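Enquirer: The following file, query23.txt, comprises compact mmCIF, C-alpha atoms and all ligand atoms:
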```
# COMPACT_ATOMS: atom_id res chain seq x y z
CA MET P 1 -13.86 3.36 -23.69
CA ASP P 2 -17.43 2.09 -24.05
CA PRO P 3 -19.81 4.66 -22.44
CA HIS P 4 -22.46 1.93 -21.99
CA ARG P 5 -20.47 -0.27 -19.63
CA PRO P 6 -19.27 0.60 -16.11
CA LEU P 7 -15.70 1.86 -15.79
CA HIS P 8 -13.39 -0.92 -14.63
CA VAL P 9 -11.42 0.52 -11.70
CA LEU P 10 -8.69 -1.62 -10.16
CA GLY P 11 -8.52 -0.98 -6.40
CA VAL P 12 -5.39 -1.57 -4.34
CA SER P 13 -4.75 -1.16 -0.63
CA GLY P 14 -1.19 -0.38 0.42
CA SER P 15 -1.55 -2.38 3.65
CA LEU P 16 -1.07 -6.15 3.96
CA ARG P 17 -2.47 -6.21 7.50
CA THR P 18 -5.50 -8.45 8.10
CA HIS P 19 -7.36 -5.76 10.04
CA SER P 20 -6.18 -2.89 7.85
CA LEU P 21 -8.16 0.33 8.00
CA ASN P 22 -7.10 1.10 4.43
CA SER P 23 -8.28 -2.26 3.10
CA ALA P 24 -11.55 -1.60 4.95
CA LEU P 25 -11.75 1.80 3.24
CA LEU P 26 -11.21 0.10 -0.12
CA ARG P 27 -14.03 -2.36 0.67
CA THR P 28 -16.21 0.66 1.43
CA ALA P 29 -15.36 2.09 -1.99
CA VAL P 30 -16.34 -1.21 -3.63
CA ALA P 31 -19.70 -1.05 -1.83
CA LEU P 32 -20.38 2.65 -2.47
CA ALA P 33 -19.32 2.79 -6.14
CA PRO P 34 -22.00 4.35 -8.37
CA PRO P 35 -23.48 2.16 -11.15
CA ALA P 36 -21.22 3.80 -13.71
CA LEU P 37 -18.11 2.46 -12.03
CA LYS P 38 -17.03 -0.95 -10.73
CA VAL P 39 -14.13 -1.20 -8.27
CA VAL P 40 -12.34 -4.57 -8.40
CA PRO P 41 -9.76 -5.09 -5.62
CA PHE P 42 -6.29 -6.41 -6.45
CA GLU P 43 -5.61 -8.90 -3.64
CA ASP P 44 -2.06 -10.06 -4.38
CA LEU P 45 0.13 -7.07 -3.54
CA GLY P 46 1.89 -9.18 -0.90
CA ARG P 47 3.01 -11.72 -3.53
CA ILE P 48 5.02 -9.17 -5.51
CA PRO P 49 8.75 -9.68 -4.85
CA HIS P 50 11.19 -6.88 -4.11
CA PHE P 51 12.15 -5.06 -7.27
CA ASN P 52 15.49 -6.24 -8.59
CA GLN P 53 16.65 -5.25 -12.04
CA ASP P 54 18.54 -8.55 -12.43
CA VAL P 55 15.31 -10.49 -11.83
CA GLU P 56 13.44 -8.19 -14.21
CA ALA P 57 16.06 -8.82 -16.90
CA GLU P 58 15.22 -12.53 -16.77
CA GLY P 59 11.51 -11.81 -17.18
CA ASP P 60 8.84 -10.47 -14.81
CA PRO P 61 7.93 -12.95 -12.04
CA GLU P 62 4.39 -14.39 -12.15
CA ALA P 63 3.02 -12.05 -9.49
CA VAL P 64 4.40 -9.04 -11.35
CA VAL P 65 2.88 -10.23 -14.62
CA ALA P 66 -0.47 -10.50 -12.82
CA TRP P 67 -0.13 -7.00 -11.31
CA LYS P 68 0.94 -5.33 -14.53
CA GLY P 69 -1.73 -7.23 -16.48
CA ALA P 70 -4.45 -6.14 -14.04
CA LEU P 71 -3.31 -2.53 -14.40
CA ALA P 72 -3.22 -2.72 -18.18
CA GLU P 73 -6.76 -4.16 -18.33
CA ALA P 74 -8.26 -1.55 -15.99
CA ASP P 75 -9.64 1.78 -17.19
CA ALA P 76 -8.40 3.42 -14.00
CA LEU P 77 -6.79 2.75 -10.62
CA LEU P 78 -7.87 3.57 -7.07
CA ILE P 79 -5.04 3.46 -4.50
CA VAL P 80 -5.90 3.44 -0.80
CA THR P 81 -2.72 4.02 1.11
CA PRO P 82 -1.55 4.07 4.71
CA GLU P 83 1.13 6.54 5.75
CA TYR P 84 4.40 5.08 7.02
CA ASN P 85 6.97 7.50 8.41
CA ALA P 86 5.49 10.44 6.50
CA GLY P 87 5.55 8.63 3.17
CA LEU P 88 4.40 5.65 1.15
CA PRO P 89 4.54 2.08 2.52
CA GLY P 90 7.43 0.20 0.91
CA VAL P 91 5.15 -2.55 -0.38
CA LEU P 92 3.20 -0.03 -2.44
CA LYS P 93 6.26 1.84 -3.70
CA ASN P 94 7.74 -1.51 -4.73
CA ALA P 95 4.62 -2.38 -6.74
CA VAL P 96 4.67 1.05 -8.39
CA ASP P 97 8.35 0.58 -9.28
CA TRP P 98 7.60 -2.71 -11.06
CA ALA P 99 4.67 -1.07 -12.87
CA SER P 100 6.86 1.82 -14.02
CA ARG P 101 8.70 -0.56 -16.35
CA PRO P 102 9.61 -0.61 -19.20
CA ALA P 103 10.68 2.98 -18.49
CA GLY P 104 8.27 5.38 -20.15
CA ARG P 105 5.97 2.55 -21.32
CA GLY P 106 4.78 0.84 -18.14
CA PRO P 107 1.07 0.25 -17.45
CA LEU P 108 0.80 3.28 -15.16
CA ARG P 109 1.66 5.67 -17.95
CA ASP P 110 -1.46 7.77 -18.81
CA LYS P 111 -3.46 5.69 -16.31
CA PRO P 112 -6.07 7.74 -14.41
CA VAL P 113 -5.52 7.30 -10.67
CA ALA P 114 -7.51 8.37 -7.60
CA ILE P 115 -6.02 8.27 -4.11
CA MET P 116 -7.51 7.90 -0.64
CA GLY P 117 -6.02 6.98 2.71
CA ALA P 118 -6.85 6.33 6.36
CA SER P 119 -4.77 6.82 9.48
CA PRO P 120 -5.44 6.84 13.21
CA GLY P 121 -3.44 10.09 13.23
CA ARG P 122 -4.63 13.66 12.81
CA ARG P 123 -3.46 14.20 9.24
CA GLY P 124 -5.20 11.27 7.58
CA THR P 125 -2.27 10.24 5.30
CA ALA P 126 -1.81 13.74 3.80
CA ARG P 127 1.97 13.27 3.56
CA ALA P 128 1.75 9.77 2.08
CA GLN P 129 -0.75 11.01 -0.50
CA ALA P 130 1.49 13.97 -1.45
CA HIS P 131 4.43 11.56 -1.79
CA LEU P 132 2.37 9.18 -3.93
CA ARG P 133 1.21 12.03 -6.18
CA ASP P 134 4.83 13.00 -6.83
CA VAL P 135 5.84 9.43 -7.60
CA LEU P 136 2.90 8.86 -9.95
CA ALA P 137 3.40 12.20 -11.72
CA SER P 138 7.03 11.27 -12.38
CA LEU P 139 5.98 8.25 -14.39
CA GLY P 140 3.17 9.87 -16.34
CA ALA P 141 0.09 8.65 -14.45
CA LEU P 142 -2.86 11.06 -14.37
CA VAL P 143 -3.87 11.74 -10.77
CA LEU P 144 -7.33 13.10 -9.92
CA PRO P 145 -6.62 16.51 -8.30
CA GLU P 146 -9.68 16.62 -6.03
CA PRO P 147 -11.73 15.85 -4.00
CA VAL P 148 -9.19 14.79 -1.39
CA VAL P 149 -10.15 11.95 0.98
CA GLU P 150 -7.79 11.91 3.97
CA VAL P 151 -9.49 9.91 6.71
CA ALA P 152 -8.06 11.06 10.05
CA ARG P 153 -8.73 9.36 13.42
CA ALA P 154 -9.83 6.43 11.31
CA HIS P 155 -9.87 3.93 14.19
CA ASP P 156 -12.85 5.87 15.60
CA LEU P 157 -14.79 5.80 12.33
CA PHE P 158 -14.90 2.07 11.64
CA ASP P 159 -16.95 -0.31 13.77
CA GLY P 160 -15.77 -3.63 15.23
CA ASP P 161 -16.42 -5.39 11.91
CA LEU P 162 -14.34 -2.76 10.09
CA MET P 163 -17.41 -1.26 8.45
CA LEU P 164 -17.17 2.50 7.92
CA ALA P 165 -19.80 3.81 10.30
CA ASP P 166 -19.23 7.54 9.77
CA ASN P 167 -21.74 9.03 7.32
CA GLY P 168 -19.64 12.09 6.49
CA THR P 169 -16.73 9.89 5.42
CA ARG P 170 -19.01 7.55 3.48
CA ASP P 171 -20.36 10.60 1.59
CA ALA P 172 -16.79 11.78 0.89
CA VAL P 173 -15.86 8.37 -0.57
CA ALA P 174 -19.00 8.32 -2.73
CA ARG P 175 -18.30 11.87 -3.95
CA LEU P 176 -14.73 11.00 -4.89
CA LEU P 177 -15.87 7.94 -6.87
CA THR P 178 -18.56 9.86 -8.75
CA ARG P 179 -16.14 12.68 -9.57
CA PHE P 180 -13.46 10.17 -10.60
CA GLY P 181 -15.83 8.40 -12.99
CA ASP P 182 -16.90 11.70 -14.60
CA TRP P 183 -13.28 12.86 -14.86
CA VAL P 184 -12.05 9.63 -16.47
CA ARG P 185 -14.87 9.62 -19.03
CA THR P 186 -14.46 13.32 -19.85
CA ARG P 187 -10.73 12.86 -20.40
CA ALA P 188 -11.31 9.79 -22.59
CA ALA P 189 -13.88 11.67 -24.71
CA GLU P 190 -11.49 14.63 -25.09
CA ASP P 191 -8.65 12.29 -26.10
CA ALA P 192 -10.89 10.55 -28.66
CA GLY P 193 -11.86 13.99 -30.06
CA THR P 194 -8.21 15.04 -30.35
CA GLN P 195 -7.29 11.84 -32.18
CA SER P 196 -10.18 11.92 -34.71
C1 LIG P 201 6.17 1.61 10.26
C2 LIG P 201 4.99 2.50 10.56
C3 LIG P 201 5.08 3.86 10.35
C4 LIG P 201 3.97 4.68 10.57
N1 LIG P 201 4.05 6.02 10.30
C5 LIG P 201 2.92 6.78 10.32
C6 LIG P 201 2.95 8.13 9.87
O1 LIG P 201 3.94 8.67 9.43
N2 LIG P 201 1.77 8.82 9.88
C7 LIG P 201 0.61 8.26 10.32
O2 LIG P 201 -0.43 8.93 10.33
N3 LIG P 201 0.57 6.99 10.81
C8 LIG P 201 1.70 6.25 10.80
N4 LIG P 201 1.68 4.93 11.22
C9 LIG P 201 0.42 4.41 11.78
C10 LIG P 201 -0.48 3.88 10.66
O3 LIG P 201 -1.20 4.98 10.13
C11 LIG P 201 -1.42 2.86 11.25
O4 LIG P 201 -0.68 1.74 11.69
C12 LIG P 201 -2.46 2.43 10.22
O5 LIG P 201 -3.46 1.69 10.88
C13 LIG P 201 -1.84 1.61 9.11
O6 LIG P 201 -2.77 1.37 8.10
P1 LIG P 201 -3.65 0.01 8.03
O7 LIG P 201 -4.59 0.07 9.18
O8 LIG P 201 -4.34 0.10 6.73
O9 LIG P 201 -2.70 -1.15 8.14
C14 LIG P 201 2.77 4.11 11.05
C15 LIG P 201 2.70 2.73 11.28
C16 LIG P 201 3.78 1.92 11.02
C17 LIG P 201 3.66 0.44 11.23
```
Please render this file's structure as structure tokens.
Ligand SMILES: Cc1cc2nc3c(=O)[nH]c(=O)nc-3n(C[C@H](O)[C@H](O)[C@H](O)COP(=O)(O)O)c2cc1C
Expert:
Amino acid sequence: MDPHRPLHVLGVSGSLRTHSLNSALLRTAVALAPPALKVVPFEDLGRIPHFNQDVEAEGDPEAVVAWKGALAEADALLIVTPEYNAGLPGVLKNAVDWASRPAGRGPLRDKPVAIMGASPGRRGTARAQAHLRDVLASLGALVLPEPVVEVARAHDLFDGDLMLADNGTRDAVARLLTRFGDWVRTRAAEDAGTQS
């Protein structure tokens, strides 16, 4: 990892909705990223087909190749997830399942990941984030432990143009990104030291 270039962080929103609060939160992260870190959104989650091991056996479909390639190229991943029925949206779990392959060697293995989420509810995606942490841990991704960004009552915090108007939440997003960048670089330096 070159310390002189910004970290390349792939950003993905787990919502396909045009007026998604989570996609708006991801756009906020793109705008608030510190100079040491560049967040590049992955826009094609909706093109990824349902996971089917028979299809996989014939070769990853184009959209899956693009998704797994984008993950492999990125230094780190930022997932911004809604909460559906106390867990992860299916579209996001499906994408994670594709990226978990080949088993033990998929592009999420050893990938640093940060998580955020927004919900109109009171708990701000806490259960979806806990679920996602479990899933990612099971396939060897490295999930930033804290700070936690769970944006509750999110419909009150974004304006009519889906810009995040709440300064406290903007600060929380900026803090998470700064901490994430430091954490990823520290881990990479430690790994390089261990291997030399
Ligand atoms: C199928 C479904 C299940 C939902 N379950 C939850 C839930 O468990 N917890 C929660 O806080 N909100 C839940 N919601 C509300 C979502 O948080 C809300 O629709 C949110 O705006 C979705 O994210 P988005 O704006 O990024 O699309 C659910 C919505 C849908 C459509």
Enquirer: Pick from P:Lys38, P:Arg27, P:Lys93, P:Arg127: nearest to ligand LIG 201 (chain P), with all atoms listed in the file counted?
Expert: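 With all atoms listed in the file as the atom set, the closest residue is P:Arg127.
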Enquirer: Counting only C-alpha atoms and all ligand atoms, what are the residues, protein, DNA or RNA alike, that approach ligand LIG 201 (chain P) to within 8 Å? I want them as a PyMOL selection string.
Expert: chain P and resi 13-24+81-87+89+118-125+127-128+152+154-155
Enquirer: What lies within 9 Å of P:Thr169 using all atoms listed in the file, ignoring chain neighbours under 6 positions off, as number ranges by chain?
Expert: P: 149, 151, 157
Enquirer: What are the centre and the three edge lengths of an axis-aligned box that wraps all atoms of stretch 55-68 of chain P in the file, given that 8 Å is added to every side, written as lines of an AutoDock Vina configuration file and rounded to one decimal in Å?
Expert:
```
center_x = 7.8
center_y = -9.9
center_z = -13.3
size_x = 32.5
size_y = 25.1
size_z = 23.7
```
Enquirer: If we count all atoms listed in the file and set the cut-off at 12 Å, which residues sit around P:Pro6, ignoring sequence neighbours fewer than 3 positions away in its own chain? Please answer as a PDB file with C-alpha atoms, keeping the file's coordinate frame.
Expert:
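Ended up saving to out38.pdb:
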```
ATOM      1  CA  MET P   1     -13.860   3.360 -23.690  1.00  0.00           C
ATOM      2  CA  ASP P   2     -17.430   2.090 -24.050  1.00  0.00           C
ATOM      3  CA  PRO P   3     -19.810   4.660 -22.440  1.00  0.00           C
ATOM      4  CA  VAL P   9     -11.420   0.520 -11.700  1.00  0.00           C
ATOM      5  CA  ALA P  33     -19.320   2.790  -6.140  1.00  0.00           C
ATOM      6  CA  PRO P  34     -22.000   4.350  -8.370  1.00  0.00           C
ATOM      7  CA  PRO P  35     -23.480   2.160 -11.150  1.00  0.00           C
ATOM      8  CA  ALA P  36     -21.220   3.800 -13.710  1.00  0.00           C
ATOM      9  CA  LEU P  37     -18.110   2.460 -12.030  1.00  0.00           C
ATOM     10  CA  LYS P  38     -17.030  -0.950 -10.730  1.00  0.00           C
ATOM     11  CA  VAL P  39     -14.130  -1.200  -8.270  1.00  0.00           C
ATOM     12  CA  VAL P  40     -12.340  -4.570  -8.400  1.00  0.00           C
ATOM     13  CA  ALA P  74      -8.260  -1.550 -15.990  1.00  0.00           C
ATOM     14  CA  ASP P  75      -9.640   1.780 -17.190  1.00  0.00           C
ATOM     15  CA  ALA P  76      -8.400   3.420 -14.000  1.00  0.00           C
ATOM     16  CA  THR P 178     -18.560   9.860  -8.750  1.00  0.00           C
ATOM     17  CA  GLY P 181     -15.830   8.400 -12.990  1.00  0.00           C
ATOM     18  CA  ASP P 182     -16.900  11.700 -14.600  1.00  0.00           C
ATOM     19  CA  VAL P 184     -12.050   9.630 -16.470  1.00  0.00           C
ATOM     20  CA  ARG P 185     -14.870   9.620 -19.030  1.00  0.00           C
TER      21      ARG P 185
END
```
Enquirer: For stretch 138-143 of chain P, work out the shell of residues within 6 Å, counting all atoms listed in the file and skipping chain neighbours fewer than 3 positions away, then give it as a ChimeraX atom specification.
Expert: /P:108-114,135
Enquirer: Name the closest residue to P:Val91 among the candidates P:Arg105, P:His4, P:Ala172, P:Pro49; distances are taken between atoms, counting all atoms listed in the file.
Expert: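 So, comparing all the options, the nearest one is P:Pro49.
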Enquirer: What gap, in Å, lies between atom CA of P:Val12 and atom CA of P:Leu45?
Expert: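 According to the coordinates, atom CA of P:Val12 and atom CA of P:Leu45 are separated by 7.8 Å.
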Enquirer: Rank P:Leu132, P:Val148, P:Ala99, P:Ala63 by their smallest atom-to-atom distance to P:Ala174, using all atoms listed in the file, and report the top residue only.
Expert: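 Closest candidate: P:Val148.
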Enquirer: For a test of reading the model, state the distance in Å between atom CA of P:Pro102 and atom CA of P:Leu136, rounded to one decimal.
Expert: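 So the answer is 14.8 Å.
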